[in-house]
Structures are given as C-alpha cells and as structure tokens.
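Shown next: input10.csv, given as CSV, N, CA and C atoms and all ligand atoms.
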chain,number,residue,atom,x,y,z
I,1,MET,N,-3.0,-57.8,-19.3
I,1,MET,CA,-3.0,-57.9,-17.9
I,1,MET,C,-2.9,-59.4,-17.5
I,2,THR,N,-2.3,-59.6,-16.3
I,2,THR,CA,-2.1,-61.0,-15.9
I,2,THR,C,-3.4,-61.5,-15.2
I,3,PRO,N,-3.6,-62.8,-15.1
I,3,PRO,CA,-4.7,-63.3,-14.4
I,3,PRO,C,-4.9,-62.8,-12.9
I,4,GLU,N,-3.7,-62.6,-12.3
I,4,GLU,CA,-3.7,-62.1,-10.9
I,4,GLU,C,-4.3,-60.7,-10.8
I,5,THR,N,-4.0,-59.9,-11.9
I,5,THR,CA,-4.5,-58.5,-11.9
I,5,THR,C,-6.1,-58.6,-12.0
I,6,TYR,N,-6.6,-59.5,-12.9
I,6,TYR,CA,-8.0,-59.6,-13.0
I,6,TYR,C,-8.6,-60.1,-11.7
I,7,ARG,N,-7.9,-61.0,-11.0
I,7,ARG,CA,-8.5,-61.5,-9.8
I,7,ARG,C,-8.6,-60.3,-8.8
I,8,LEU,N,-7.6,-59.5,-8.7
I,8,LEU,CA,-7.6,-58.3,-7.8
I,8,LEU,C,-8.8,-57.4,-8.2
I,9,ILE,N,-9.0,-57.2,-9.5
I,9,ILE,CA,-10.1,-56.3,-9.9
I,9,ILE,C,-11.4,-56.9,-9.5
I,10,HIS,N,-11.5,-58.3,-9.6
I,10,HIS,CA,-12.7,-59.0,-9.2
I,10,HIS,C,-13.0,-58.8,-7.7
I,11,VAL,N,-12.0,-58.9,-6.8
I,11,VAL,CA,-12.2,-58.8,-5.4
I,11,VAL,C,-12.4,-57.4,-5.0
I,12,LEU,N,-11.7,-56.4,-5.6
I,12,LEU,CA,-11.9,-55.0,-5.2
I,12,LEU,C,-13.4,-54.6,-5.7
I,13,GLY,N,-13.8,-55.1,-6.8
I,13,GLY,CA,-15.1,-54.9,-7.4
I,13,GLY,C,-16.2,-55.4,-6.4
I,14,LEU,N,-15.9,-56.6,-5.8
I,14,LEU,CA,-16.9,-57.1,-4.8
I,14,LEU,C,-17.1,-56.2,-3.6
I,15,VAL,N,-15.9,-55.6,-3.1
I,15,VAL,CA,-16.0,-54.7,-2.0
I,15,VAL,C,-17.0,-53.5,-2.4
I,16,VAL,N,-16.7,-53.0,-3.6
I,16,VAL,CA,-17.5,-51.8,-4.0
I,16,VAL,C,-19.0,-52.2,-4.3
I,17,LEU,N,-19.2,-53.3,-4.9
I,17,LEU,CA,-20.5,-53.8,-5.3
I,17,LEU,C,-21.4,-54.0,-4.0
I,18,PHE,N,-20.8,-54.7,-3.0
I,18,PHE,CA,-21.6,-55.0,-1.8
I,18,PHE,C,-21.8,-53.7,-0.9
I,19,LEU,N,-20.8,-52.8,-0.9
I,19,LEU,CA,-21.0,-51.5,-0.2
I,19,LEU,C,-22.2,-50.8,-0.9
I,20,GLY,N,-22.2,-50.8,-2.2
I,20,GLY,CA,-23.2,-50.1,-3.0
I,20,GLY,C,-24.6,-50.8,-2.7
I,21,LEU,N,-24.6,-52.1,-2.7
I,21,LEU,CA,-25.9,-52.8,-2.4
I,21,LEU,C,-26.4,-52.5,-1.0
I,22,GLY,N,-25.5,-52.4,0.0
I,22,GLY,CA,-25.9,-52.1,1.3
I,22,GLY,C,-26.6,-50.8,1.4
I,23,GLY,N,-26.0,-49.8,0.7
I,23,GLY,CA,-26.6,-48.4,0.7
I,23,GLY,C,-27.9,-48.4,-0.1
I,24,VAL,N,-27.9,-49.1,-1.2
I,24,VAL,CA,-29.2,-49.2,-2.0
I,24,VAL,C,-30.3,-49.8,-1.1
I,25,LEU,N,-30.0,-50.9,-0.5
I,25,LEU,CA,-31.1,-51.5,0.3
I,25,LEU,C,-31.5,-50.6,1.5
I,26,ALA,N,-30.6,-49.8,2.0
I,26,ALA,CA,-30.9,-49.0,3.2
I,26,ALA,C,-31.8,-47.8,2.7
I,27,THR,N,-31.7,-47.4,1.5
I,27,THR,CA,-32.3,-46.1,1.0
I,27,THR,C,-33.4,-46.3,0.0
I,28,ALA,N,-33.5,-47.5,-0.6
I,28,ALA,CA,-34.6,-47.7,-1.6
I,28,ALA,C,-35.8,-48.3,-1.0
I,29,GLY,N,-36.9,-48.1,-1.7
I,29,GLY,CA,-38.2,-48.7,-1.3
I,29,GLY,C,-39.2,-48.3,-2.3
I,30,PRO,N,-40.4,-48.8,-2.2
I,30,PRO,CA,-41.5,-48.4,-3.1
I,30,PRO,C,-41.7,-46.9,-2.9
I,31,GLY,N,-41.6,-46.2,-4.1
I,31,GLY,CA,-41.8,-44.7,-4.1
I,31,GLY,C,-40.6,-44.0,-3.5
I,32,GLN,N,-39.5,-44.7,-3.2
I,32,GLN,CA,-38.4,-44.0,-2.6
I,32,GLN,C,-37.1,-44.4,-3.4
I,33,LYS,N,-36.5,-43.3,-4.1
I,33,LYS,CA,-35.4,-43.6,-4.9
I,33,LYS,C,-34.2,-43.9,-4.1
I,34,PRO,N,-33.4,-44.9,-4.6
I,34,PRO,CA,-32.1,-45.2,-3.8
I,34,PRO,C,-31.2,-44.1,-3.9
I,35,ASN,N,-30.3,-43.9,-2.9
I,35,ASN,CA,-29.3,-42.9,-2.9
I,35,ASN,C,-28.4,-43.0,-4.1
I,36,ARG,N,-28.1,-41.9,-4.8
I,36,ARG,CA,-27.4,-41.9,-6.1
I,36,ARG,C,-25.9,-42.4,-5.9
I,37,MET,N,-25.3,-42.0,-4.8
I,37,MET,CA,-23.9,-42.4,-4.6
I,37,MET,C,-23.8,-43.9,-4.5
I,38,PHE,N,-24.7,-44.5,-3.7
I,38,PHE,CA,-24.7,-46.0,-3.6
I,38,PHE,C,-25.1,-46.7,-4.9
I,39,LEU,N,-26.0,-46.0,-5.6
I,39,LEU,CA,-26.3,-46.6,-6.9
I,39,LEU,C,-25.1,-46.7,-7.8
I,40,MET,N,-24.3,-45.6,-7.8
I,40,MET,CA,-23.1,-45.5,-8.6
I,40,MET,C,-22.1,-46.5,-8.2
I,41,LEU,N,-21.9,-46.7,-6.8
I,41,LEU,CA,-21.0,-47.7,-6.3
I,41,LEU,C,-21.4,-49.1,-6.8
I,42,HIS,N,-22.7,-49.3,-6.7
I,42,HIS,CA,-23.3,-50.6,-7.1
I,42,HIS,C,-22.9,-50.9,-8.6
I,43,GLY,N,-23.1,-49.9,-9.5
I,43,GLY,CA,-22.9,-50.1,-10.9
I,43,GLY,C,-21.4,-50.3,-11.2
I,44,LEU,N,-20.6,-49.4,-10.6
I,44,LEU,CA,-19.1,-49.5,-10.8
I,44,LEU,C,-18.6,-50.8,-10.3
I,45,GLY,N,-19.0,-51.2,-9.1
I,45,GLY,CA,-18.6,-52.5,-8.5
I,45,GLY,C,-19.0,-53.7,-9.4
I,46,ALA,N,-20.2,-53.7,-9.8
I,46,ALA,CA,-20.8,-54.8,-10.7
I,46,ALA,C,-19.9,-54.9,-11.9
I,47,LEU,N,-19.6,-53.8,-12.5
I,47,LEU,CA,-18.8,-53.8,-13.8
I,47,LEU,C,-17.4,-54.4,-13.5
I,48,ALA,N,-16.8,-54.0,-12.4
I,48,ALA,CA,-15.4,-54.5,-12.1
I,48,ALA,C,-15.5,-56.0,-11.8
I,49,VAL,N,-16.5,-56.4,-11.1
I,49,VAL,CA,-16.7,-57.8,-10.7
I,49,VAL,C,-16.8,-58.7,-12.0
I,50,LEU,N,-17.5,-58.2,-13.0
I,50,LEU,CA,-17.7,-58.9,-14.3
I,50,LEU,C,-16.4,-58.9,-15.1
I,51,VAL,N,-15.8,-57.7,-15.2
I,51,VAL,CA,-14.5,-57.6,-16.0
I,51,VAL,C,-13.5,-58.5,-15.3
I,52,GLY,N,-13.4,-58.4,-14.0
I,52,GLY,CA,-12.3,-59.2,-13.3
I,52,GLY,C,-12.6,-60.7,-13.4
I,53,GLY,N,-13.9,-61.1,-13.2
I,53,GLY,CA,-14.2,-62.5,-13.3
I,53,GLY,C,-14.0,-63.1,-14.6
I,54,ILE,N,-14.6,-62.5,-15.7
I,54,ILE,CA,-14.5,-63.0,-17.0
I,54,ILE,C,-13.0,-62.9,-17.5
I,55,GLY,N,-12.3,-61.8,-17.1
I,55,GLY,CA,-10.9,-61.7,-17.5
I,55,GLY,C,-10.1,-62.8,-16.9
I,56,PHE,N,-10.3,-63.1,-15.6
I,56,PHE,CA,-9.5,-64.1,-14.9
I,56,PHE,C,-9.8,-65.5,-15.6
I,57,ALA,N,-11.1,-65.8,-15.9
I,57,ALA,CA,-11.5,-67.1,-16.5
I,57,ALA,C,-10.8,-67.2,-17.8
I,58,HIS,N,-10.8,-66.1,-18.6
I,58,HIS,CA,-10.2,-66.2,-19.9
I,58,HIS,C,-8.7,-66.3,-19.9
I,59,LYS,N,-8.0,-65.4,-19.1
I,59,LYS,CA,-6.6,-65.3,-19.1
I,59,LYS,C,-5.9,-66.5,-18.4
I,60,SER,N,-6.6,-67.1,-17.5
I,60,SER,CA,-6.0,-68.3,-16.8
I,60,SER,C,-6.3,-69.6,-17.5
I,61,GLY,N,-7.0,-69.5,-18.6
I,61,GLY,CA,-7.3,-70.7,-19.4
I,61,GLY,C,-8.4,-71.6,-18.8
I,62,LEU,N,-9.1,-71.0,-17.9
I,62,LEU,CA,-10.2,-71.7,-17.3
I,62,LEU,C,-11.4,-71.9,-18.2
I,63,GLY,N,-11.6,-70.9,-19.1
I,63,GLY,CA,-12.8,-71.0,-20.0
I,63,GLY,C,-14.0,-70.6,-19.2
I,64,MET,N,-15.2,-71.2,-19.7
I,64,MET,CA,-16.5,-70.8,-19.1
I,64,MET,C,-17.1,-72.1,-18.6
I,65,PRO,N,-16.6,-72.7,-17.5
I,65,PRO,CA,-17.3,-73.9,-16.9
I,65,PRO,C,-18.7,-73.5,-16.3
I,66,ALA,N,-19.5,-74.5,-16.0
I,66,ALA,CA,-20.9,-74.3,-15.5
I,66,ALA,C,-20.9,-73.4,-14.3
I,67,TRP,N,-19.9,-73.6,-13.4
I,67,TRP,CA,-20.0,-72.8,-12.1
I,67,TRP,C,-19.7,-71.3,-12.4
I,68,VAL,N,-19.0,-71.0,-13.5
I,68,VAL,CA,-18.8,-69.5,-13.9
I,68,VAL,C,-20.1,-69.0,-14.4
I,69,TRP,N,-20.9,-69.8,-15.2
I,69,TRP,CA,-22.2,-69.4,-15.7
I,69,TRP,C,-23.1,-69.2,-14.5
I,70,ALA,N,-23.0,-70.0,-13.5
I,70,ALA,CA,-23.9,-69.9,-12.3
I,70,ALA,C,-23.6,-68.6,-11.6
I,71,LYS,N,-22.3,-68.2,-11.5
I,71,LYS,CA,-22.0,-66.9,-10.9
I,71,LYS,C,-22.5,-65.8,-11.7
I,72,LEU,N,-22.5,-65.9,-13.0
I,72,LEU,CA,-23.0,-64.9,-13.9
I,72,LEU,C,-24.5,-64.7,-13.6
I,73,GLY,N,-25.2,-65.8,-13.4
I,73,GLY,CA,-26.6,-65.7,-13.1
I,73,GLY,C,-26.8,-64.9,-11.8
I,74,GLY,N,-26.0,-65.2,-10.8
I,74,GLY,CA,-26.1,-64.5,-9.5
I,74,GLY,C,-25.8,-63.0,-9.7
I,75,TRP,N,-24.8,-62.8,-10.5
I,75,TRP,CA,-24.4,-61.4,-10.8
I,75,TRP,C,-25.6,-60.6,-11.4
I,76,LEU,N,-26.3,-61.2,-12.3
I,76,LEU,CA,-27.5,-60.6,-13.0
I,76,LEU,C,-28.5,-60.2,-11.9
I,77,VAL,N,-28.8,-61.1,-11.0
I,77,VAL,CA,-29.8,-60.9,-10.0
I,77,VAL,C,-29.3,-59.7,-9.1
I,78,LEU,N,-28.1,-59.7,-8.7
I,78,LEU,CA,-27.5,-58.6,-7.9
I,78,LEU,C,-27.6,-57.3,-8.6
I,79,GLY,N,-27.4,-57.4,-10.0
I,79,GLY,CA,-27.5,-56.1,-10.8
I,79,GLY,C,-28.9,-55.6,-10.8
I,80,ALA,N,-29.9,-56.5,-10.8
I,80,ALA,CA,-31.3,-56.0,-10.9
I,80,ALA,C,-31.8,-55.6,-9.6
I,81,MET,N,-31.1,-55.8,-8.5
I,81,MET,CA,-31.6,-55.6,-7.1
I,81,MET,C,-32.2,-54.2,-6.9
I,82,PRO,N,-31.5,-53.1,-7.3
I,82,PRO,CA,-32.0,-51.8,-7.1
I,82,PRO,C,-33.4,-51.6,-7.7
I,83,THR,N,-33.5,-52.1,-9.0
I,83,THR,CA,-34.8,-52.0,-9.7
I,83,THR,C,-35.9,-52.8,-8.9
I,84,LEU,N,-35.5,-54.1,-8.5
I,84,LEU,CA,-36.5,-55.0,-7.9
I,84,LEU,C,-37.0,-54.3,-6.6
I,85,VAL,N,-36.1,-53.7,-5.8
I,85,VAL,CA,-36.5,-53.1,-4.5
I,85,VAL,C,-37.2,-51.8,-4.8
I,86,GLY,N,-36.6,-51.0,-5.7
I,86,GLY,CA,-37.1,-49.6,-6.0
I,86,GLY,C,-38.6,-49.7,-6.5
I,87,ARG,N,-38.9,-50.7,-7.3
I,87,ARG,CA,-40.3,-50.9,-7.8
I,87,ARG,C,-41.2,-51.6,-6.9
I,88,GLY,N,-40.7,-52.0,-5.7
I,88,GLY,CA,-41.5,-52.7,-4.8
I,88,GLY,C,-41.8,-54.1,-5.1
I,89,LEU,N,-41.0,-54.7,-6.1
I,89,LEU,CA,-41.2,-56.1,-6.5
I,89,LEU,C,-40.6,-57.1,-5.4
I,90,LEU,N,-39.7,-56.6,-4.6
I,90,LEU,CA,-39.1,-57.4,-3.6
I,90,LEU,C,-39.1,-56.6,-2.3
I,91,PRO,N,-39.5,-57.1,-1.2
I,91,PRO,CA,-39.4,-56.3,0.1
I,91,PRO,C,-37.9,-56.3,0.5
I,92,ARG,N,-37.6,-55.2,1.2
I,92,ARG,CA,-36.2,-55.1,1.7
I,92,ARG,C,-35.6,-56.3,2.4
I,93,GLY,N,-36.4,-56.9,3.3
I,93,GLY,CA,-35.9,-58.0,4.0
I,93,GLY,C,-35.6,-59.2,3.1
I,94,GLY,N,-36.5,-59.4,2.1
I,94,GLY,CA,-36.2,-60.5,1.2
I,94,GLY,C,-35.0,-60.2,0.3
I,95,ALA,N,-34.9,-59.0,-0.1
I,95,ALA,CA,-33.7,-58.6,-0.9
I,95,ALA,C,-32.4,-58.8,-0.2
I,96,LEU,N,-32.4,-58.4,1.1
I,96,LEU,CA,-31.2,-58.6,2.0
I,96,LEU,C,-30.8,-60.0,2.0
I,97,PHE,N,-31.8,-60.9,2.3
I,97,PHE,CA,-31.6,-62.3,2.4
I,97,PHE,C,-31.0,-62.9,1.0
I,98,MET,N,-31.6,-62.4,-0.1
I,98,MET,CA,-31.2,-62.9,-1.4
I,98,MET,C,-29.7,-62.5,-1.7
I,99,VAL,N,-29.4,-61.2,-1.3
I,99,VAL,CA,-28.1,-60.7,-1.6
I,99,VAL,C,-27.0,-61.5,-0.8
I,100,LEU,N,-27.4,-61.8,0.5
I,100,LEU,CA,-26.4,-62.5,1.3
I,100,LEU,C,-26.3,-64.0,0.8
I,101,ALA,N,-27.4,-64.6,0.4
I,101,ALA,CA,-27.4,-66.0,-0.1
I,101,ALA,C,-26.6,-66.1,-1.4
I,102,ILE,N,-26.8,-65.1,-2.3
I,102,ILE,CA,-26.1,-65.2,-3.6
I,102,ILE,C,-24.7,-64.9,-3.4
I,103,GLY,N,-24.4,-63.9,-2.5
I,103,GLY,CA,-23.0,-63.5,-2.3
I,103,GLY,C,-22.2,-64.7,-1.7
I,104,ALA,N,-22.8,-65.4,-0.7
I,104,ALA,CA,-22.2,-66.5,0.0
I,104,ALA,C,-22.0,-67.7,-1.0
I,105,ALA,N,-23.0,-68.0,-1.9
I,105,ALA,CA,-22.9,-69.1,-2.8
I,105,ALA,C,-21.8,-68.8,-3.9
I,106,ALA,N,-21.8,-67.5,-4.3
I,106,ALA,CA,-20.8,-67.1,-5.4
I,106,ALA,C,-19.4,-67.1,-4.8
I,107,ALA,N,-19.2,-66.7,-3.5
I,107,ALA,CA,-17.9,-66.7,-2.9
I,107,ALA,C,-17.4,-68.2,-2.7
I,108,TRP,N,-18.4,-69.0,-2.3
I,108,TRP,CA,-18.0,-70.4,-2.1
I,108,TRP,C,-17.6,-71.1,-3.5
I,109,LEU,N,-18.3,-70.7,-4.5
I,109,LEU,CA,-18.0,-71.3,-5.9
I,109,LEU,C,-16.6,-70.8,-6.2
I,110,GLY,N,-16.3,-69.5,-5.8
I,110,GLY,CA,-15.0,-68.9,-6.2
I,110,GLY,C,-13.8,-69.6,-5.5
I,111,VAL,N,-14.0,-70.0,-4.2
I,111,VAL,CA,-12.8,-70.5,-3.4
I,111,VAL,C,-12.8,-72.0,-3.3
I,112,ALA,N,-13.9,-72.7,-3.6
I,112,ALA,CA,-14.0,-74.1,-3.5
I,112,ALA,C,-12.9,-74.8,-4.3
I,113,ALA,N,-12.0,-75.6,-3.7
I,113,ALA,CA,-10.9,-76.2,-4.4
I,113,ALA,C,-11.5,-77.2,-5.4
I,114,THR,N,-12.5,-78.0,-5.1
I,114,THR,CA,-13.2,-78.9,-6.0
I,114,THR,C,-14.6,-78.3,-6.3
I,115,LYS,N,-14.7,-77.8,-7.5
I,115,LYS,CA,-16.0,-77.2,-7.9
I,115,LYS,C,-17.1,-78.2,-8.0
I,116,PRO,N,-18.3,-77.9,-7.5
I,116,PRO,CA,-19.4,-78.9,-7.5
I,116,PRO,C,-19.9,-79.2,-8.9
I,117,PHE,N,-19.7,-78.2,-9.9
I,117,PHE,CA,-20.2,-78.5,-11.3
I,117,PHE,C,-19.4,-77.6,-12.2
I,201,LIG,C1,-22.0,-62.6,-7.6
I,201,LIG,C2,-21.0,-62.1,-6.9
I,201,LIG,C3,-19.7,-62.8,-6.8
I,201,LIG,C4,-19.0,-63.1,-5.7
I,201,LIG,C5,-19.5,-62.8,-4.3
I,201,LIG,C6,-17.7,-63.7,-6.1
I,201,LIG,C7,-16.8,-64.1,-5.2
I,201,LIG,C8,-15.5,-64.6,-5.5
I,201,LIG,C9,-14.5,-64.9,-4.6
I,201,LIG,C10,-14.5,-64.7,-3.1
I,201,LIG,C11,-13.5,-65.5,-5.3
I,201,LIG,C12,-12.1,-66.0,-4.8
I,201,LIG,C13,-11.1,-64.9,-5.1
I,201,LIG,C14,-9.7,-65.3,-4.8
I,201,LIG,O1,-9.4,-66.5,-4.7
I,201,LIG,O2,-8.8,-64.5,-4.7
I,201,LIG,C15,-13.9,-65.5,-6.7
I,201,LIG,C16,-13.2,-66.1,-7.8
I,201,LIG,C17,-13.6,-66.1,-9.1
I,201,LIG,N1,-14.8,-65.6,-9.6
I,201,LIG,FE1,-16.2,-64.7,-8.5
I,201,LIG,N2,-17.7,-63.8,-7.5
I,201,LIG,C18,-18.8,-63.3,-8.0
I,201,LIG,C19,-19.2,-63.2,-9.3
I,201,LIG,C20,-18.5,-63.7,-10.4
I,201,LIG,C21,-18.8,-63.5,-11.8
I,201,LIG,C22,-20.0,-62.8,-12.3
I,201,LIG,C23,-17.8,-64.2,-12.5
I,201,LIG,C24,-17.7,-64.4,-13.9
I,201,LIG,C25,-18.6,-64.4,-14.8
I,201,LIG,C26,-16.9,-64.8,-11.5
I,201,LIG,C27,-15.8,-65.5,-11.8
I,201,LIG,C28,-14.8,-65.9,-10.9
I,201,LIG,C29,-13.6,-66.6,-11.3
I,201,LIG,C30,-13.2,-67.2,-12.7
I,201,LIG,C31,-12.8,-66.8,-10.1
I,201,LIG,C32,-11.5,-67.5,-10.0
I,201,LIG,C33,-11.7,-68.9,-9.4
I,201,LIG,C34,-10.4,-69.7,-9.2
I,201,LIG,O3,-9.4,-69.1,-8.8
I,201,LIG,O4,-10.4,-70.9,-9.6
I,201,LIG,N3,-17.3,-64.4,-10.2
I,201,LIG,N4,-15.2,-65.0,-6.8

Show me, as structure tokens, the structure contained in the file I just sent.
Amino acid sequence: MTPETYRLIHVLGLVVLFLGLGGVLATAGPGQKPNRMFLMLHGLGALAVLVGGIGFAHKSGLGMPAWVWAKLGGWLVLGAMPTLVGRGLLPRGGALFMVLAIGAAAAWLGVAATKPF
C-alpha cells in the first residue's frame, strides 16, 4: 500500500475512534457499562489509527521520530479511556477534557510543518 493509503486509513480511523469515544463517554460510568456499539467503534478506530500511523511512518521513510512516539503515548491513553471511566478511575468531565487535549495535541503534531521534537 502507498503512504497516502495509510494516511487515509489514519484519518478515517480517527473519525471512527472519536465517534466511539464520544459514545463511550456518554454511556460509561462507575457501575455502568459503556454501550457495546460505541466500544466496538472505539476499538476498530483505534486499530485503524495505529495501522495507518505506523504504516505511513514506515512507508514514507519517516521512521519513528520522537513526536511519533509521543502520539503513540496519547493513543495508549485514548485506548485505556473506556476502562478508566468504566472503573470510575476518571470522572467523565476529566476524561472528556483529556480526550480533547490529547486529540488536539496529536492532530497538531500530525500537521505541524516543523515538528517540535
Ligand atoms: C492520538 C490520536 C491521533 C490523532 C488525533 C492524530 C491526528 C493526525 C492528523 C490530523 C494528521 C494529519 C493527517 C494529514 O495530514 O492528512 C496525522 C498525521 C500523522 N500521524 Fe497521527 N494522530 C493520532 C495518533 C497517531 C499515532 C498513534 C501514530 C503512530 C504511532 C500517528 C502517526 C502519524 C503520522 C506518521 C502522520 C503523518 C505526518 C506527516 O505527514 O508528516 N498518529 N495524525
């Protein structure tokens, strides 16, 4: 597959991941299981974001610079979000703020012409 195909998989995966996260945050809570459909979207989207991101970095010859590792860290936290909220380790409001902050930082790292690190 070409780097551009991986990039498309990355961006489409983001749409699905954040739709899933929205649904998970709206339905999960302590003692309250998140909606299964949104959990599935979250998982599928997260997988596509990872495959697309790593695939693009590899196929475009970018390798794994520090900013890609930072995005990987953000991806891990987004992946753990349903568990963190479902077990009551993070309140919904805090989770919402973290999802937005991580999403914004990762998007900025993706589009910044000059990467900060
Ligand atoms: C945490 C959620 C993430 C968000 C919100 C996000 C967002 C974005 C956005 C908006 C772009 C620009 C796409 C474009 O120019 O068409 C991008 C590019 C990219 N992302 Fe992500 N991303 C995330 C996670 C990841 C992960 C986990 C990886 C890899 C481990 C990754 C690797 C990349 C790479 C390599 C690019 C291409 C940058 C370039 O064109 O120079 N991203 N990302």

Requested in this report: Please provide the set of residues having any atom within 6 Å of segment 72-88 of chain I, restricted to only N, CA and C atoms, with same-chain residues fewer than 6 positions apart removed, written as number ranges by chain.
Outcome: I: 28-32, 102

Report summary line: Using only C-alpha atoms and all ligand atoms, the best pick from I:Lys71, I:Lys33, I:Lys115, I:Arg92 as closest to ligand LIG 201 (chain I) would be I:Lys71

Query - Contact residues around Leu47 of chain I with only C-alpha atoms at 10 Å, ignoring same-chain residues under 4 positions, as a PyMOL selection string - result: chain I and resi 9-10+13-14+17+41-43+51-53+75+79

Query raised in the report: Any idea what's packed within 8 Å of Phe38 of chain I, counting all atoms listed in the file, ignoring anything in its chain fewer than 5 positions away? Could you give it as JSON, numbers by chain?
Result: {"I": [19, 20, 21, 22, 23, 24, 25, 43, 44]}

Query raised in the report: atom N of Val15 of chain I and atom C of Met64 of chain I are how many Å apart?
Result: 22.7 Å

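Here atom C of Arg7 of chain I stands at a distance of 10.5 Å from atom CA of Ile54 of chain I.
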
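You can rank I:Leu89, I:Glu4, I:Arg36, I:Ala26 by their closest distance to ligand LIG 201 (chain I) using only C-alpha atoms and all ligand atoms, and at the top of that list sits I:Glu4.
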
Query raised in the report: Where does DSSP see alpha helix (DSSP H) in segment 22-115 of chain I, if you list the residues as a PyMOL selection string?
Result: chain I and resi 22-27+36-59+66-86+92-111

Requested in this report: May I ask for the distance between atom CA of Leu12 of chain I and atom CA of Ser60 of chain I, given in Å to one decimal place?
Outcome: 18.6 Å

Query - Among listed residues I:Phe18, I:Leu50, I:Val99, I:Lys59, nearest ligand LIG 201 (chain I) (using all atoms listed in the file) - result: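 Smallest separation from ligand LIG 201 (chain I) among the options: I:Leu50.
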
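Comparing I:Gly63, I:Val16, I:Met1, I:Gly55 by their smallest distance to Met40 of chain I, the closest is I:Val16 (using all atoms listed in the file).
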
Query - Counting only N, CA and C atoms and all ligand atoms, the residue of I:Pro91, I:Thr2, I:Ala57, I:Pro65 that sits nearest ligand LIG 201 (chain I) - result: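 So, comparing all the options, the nearest one is I:Ala57.
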
Requested in this report: Give as an NGL selection string each residue that has an atom at most 12 Å from (-22.9, -79.7, -9.0) in the file, counting only C-alpha atoms.
Outcome: :I and (65-67 or 70 or 109 or 112 or 114-117)

Report task. Considering all atoms listed in the file, state which residue in the set I:Leu62, I:Ala101, I:Leu90, I:Ala107 is at the smallest distance from ligand LIG 201 (chain I). Result ->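 Closest to ligand LIG 201 (chain I), using all atoms listed in the file: I:Ala107.
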
Using the structure just given, write a file holding C-alpha atoms for segment 38-63 of chain I, as a PDB file, in the first residue's frame.
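Produced file selection-v3.pdb, reproduced below:
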ATOM      1  CA  PHE I  38     -19.540   2.561  20.721  1.00  0.00           C
ATOM      2  CA  LEU I  39     -16.978   0.274  22.388  1.00  0.00           C
ATOM      3  CA  MET I  40     -16.637  -1.567  19.081  1.00  0.00           C
ATOM      4  CA  LEU I  41     -16.228   1.686  17.134  1.00  0.00           C
ATOM      5  CA  HIS I  42     -13.586   2.785  19.660  1.00  0.00           C
ATOM      6  CA  GLY I  43     -11.613  -0.447  19.203  1.00  0.00           C
ATOM      7  CA  LEU I  44     -11.883  -0.575  15.417  1.00  0.00           C
ATOM      8  CA  GLY I  45     -10.992   3.103  15.084  1.00  0.00           C
ATOM      9  CA  ALA I  46      -8.009   2.793  17.438  1.00  0.00           C
ATOM     10  CA  LEU I  47      -6.682  -0.140  15.401  1.00  0.00           C
ATOM     11  CA  ALA I  48      -7.053   1.764  12.114  1.00  0.00           C
ATOM     12  CA  VAL I  49      -5.342   4.867  13.600  1.00  0.00           C
ATOM     13  CA  LEU I  50      -2.400   2.723  14.699  1.00  0.00           C
ATOM     14  CA  VAL I  51      -2.068   0.760  11.447  1.00  0.00           C
ATOM     15  CA  GLY I  52      -2.431   3.948   9.381  1.00  0.00           C
ATOM     16  CA  GLY I  53       0.005   5.976  11.515  1.00  0.00           C
ATOM     17  CA  ILE I  54       2.741   3.340  11.767  1.00  0.00           C
ATOM     18  CA  GLY I  55       2.177   2.330   8.123  1.00  0.00           C
ATOM     19  CA  PHE I  56       2.581   5.910   6.941  1.00  0.00           C
ATOM     20  CA  ALA I  57       5.699   6.474   9.086  1.00  0.00           C
ATOM     21  CA  HIS I  58       7.256   3.279   7.740  1.00  0.00           C
ATOM     22  CA  LYS I  59       6.301   3.556   4.060  1.00  0.00           C
ATOM     23  CA  SER I  60       7.134   7.240   3.748  1.00  0.00           C
ATOM     24  CA  GLY I  61      10.629   6.677   5.163  1.00  0.00           C
ATOM     25  CA  LEU I  62       9.877   8.857   8.189  1.00  0.00           C
ATOM     26  CA  GLY I  63      10.861   6.159  10.671  1.00  0.00           C
TER      27      GLY I  63
END
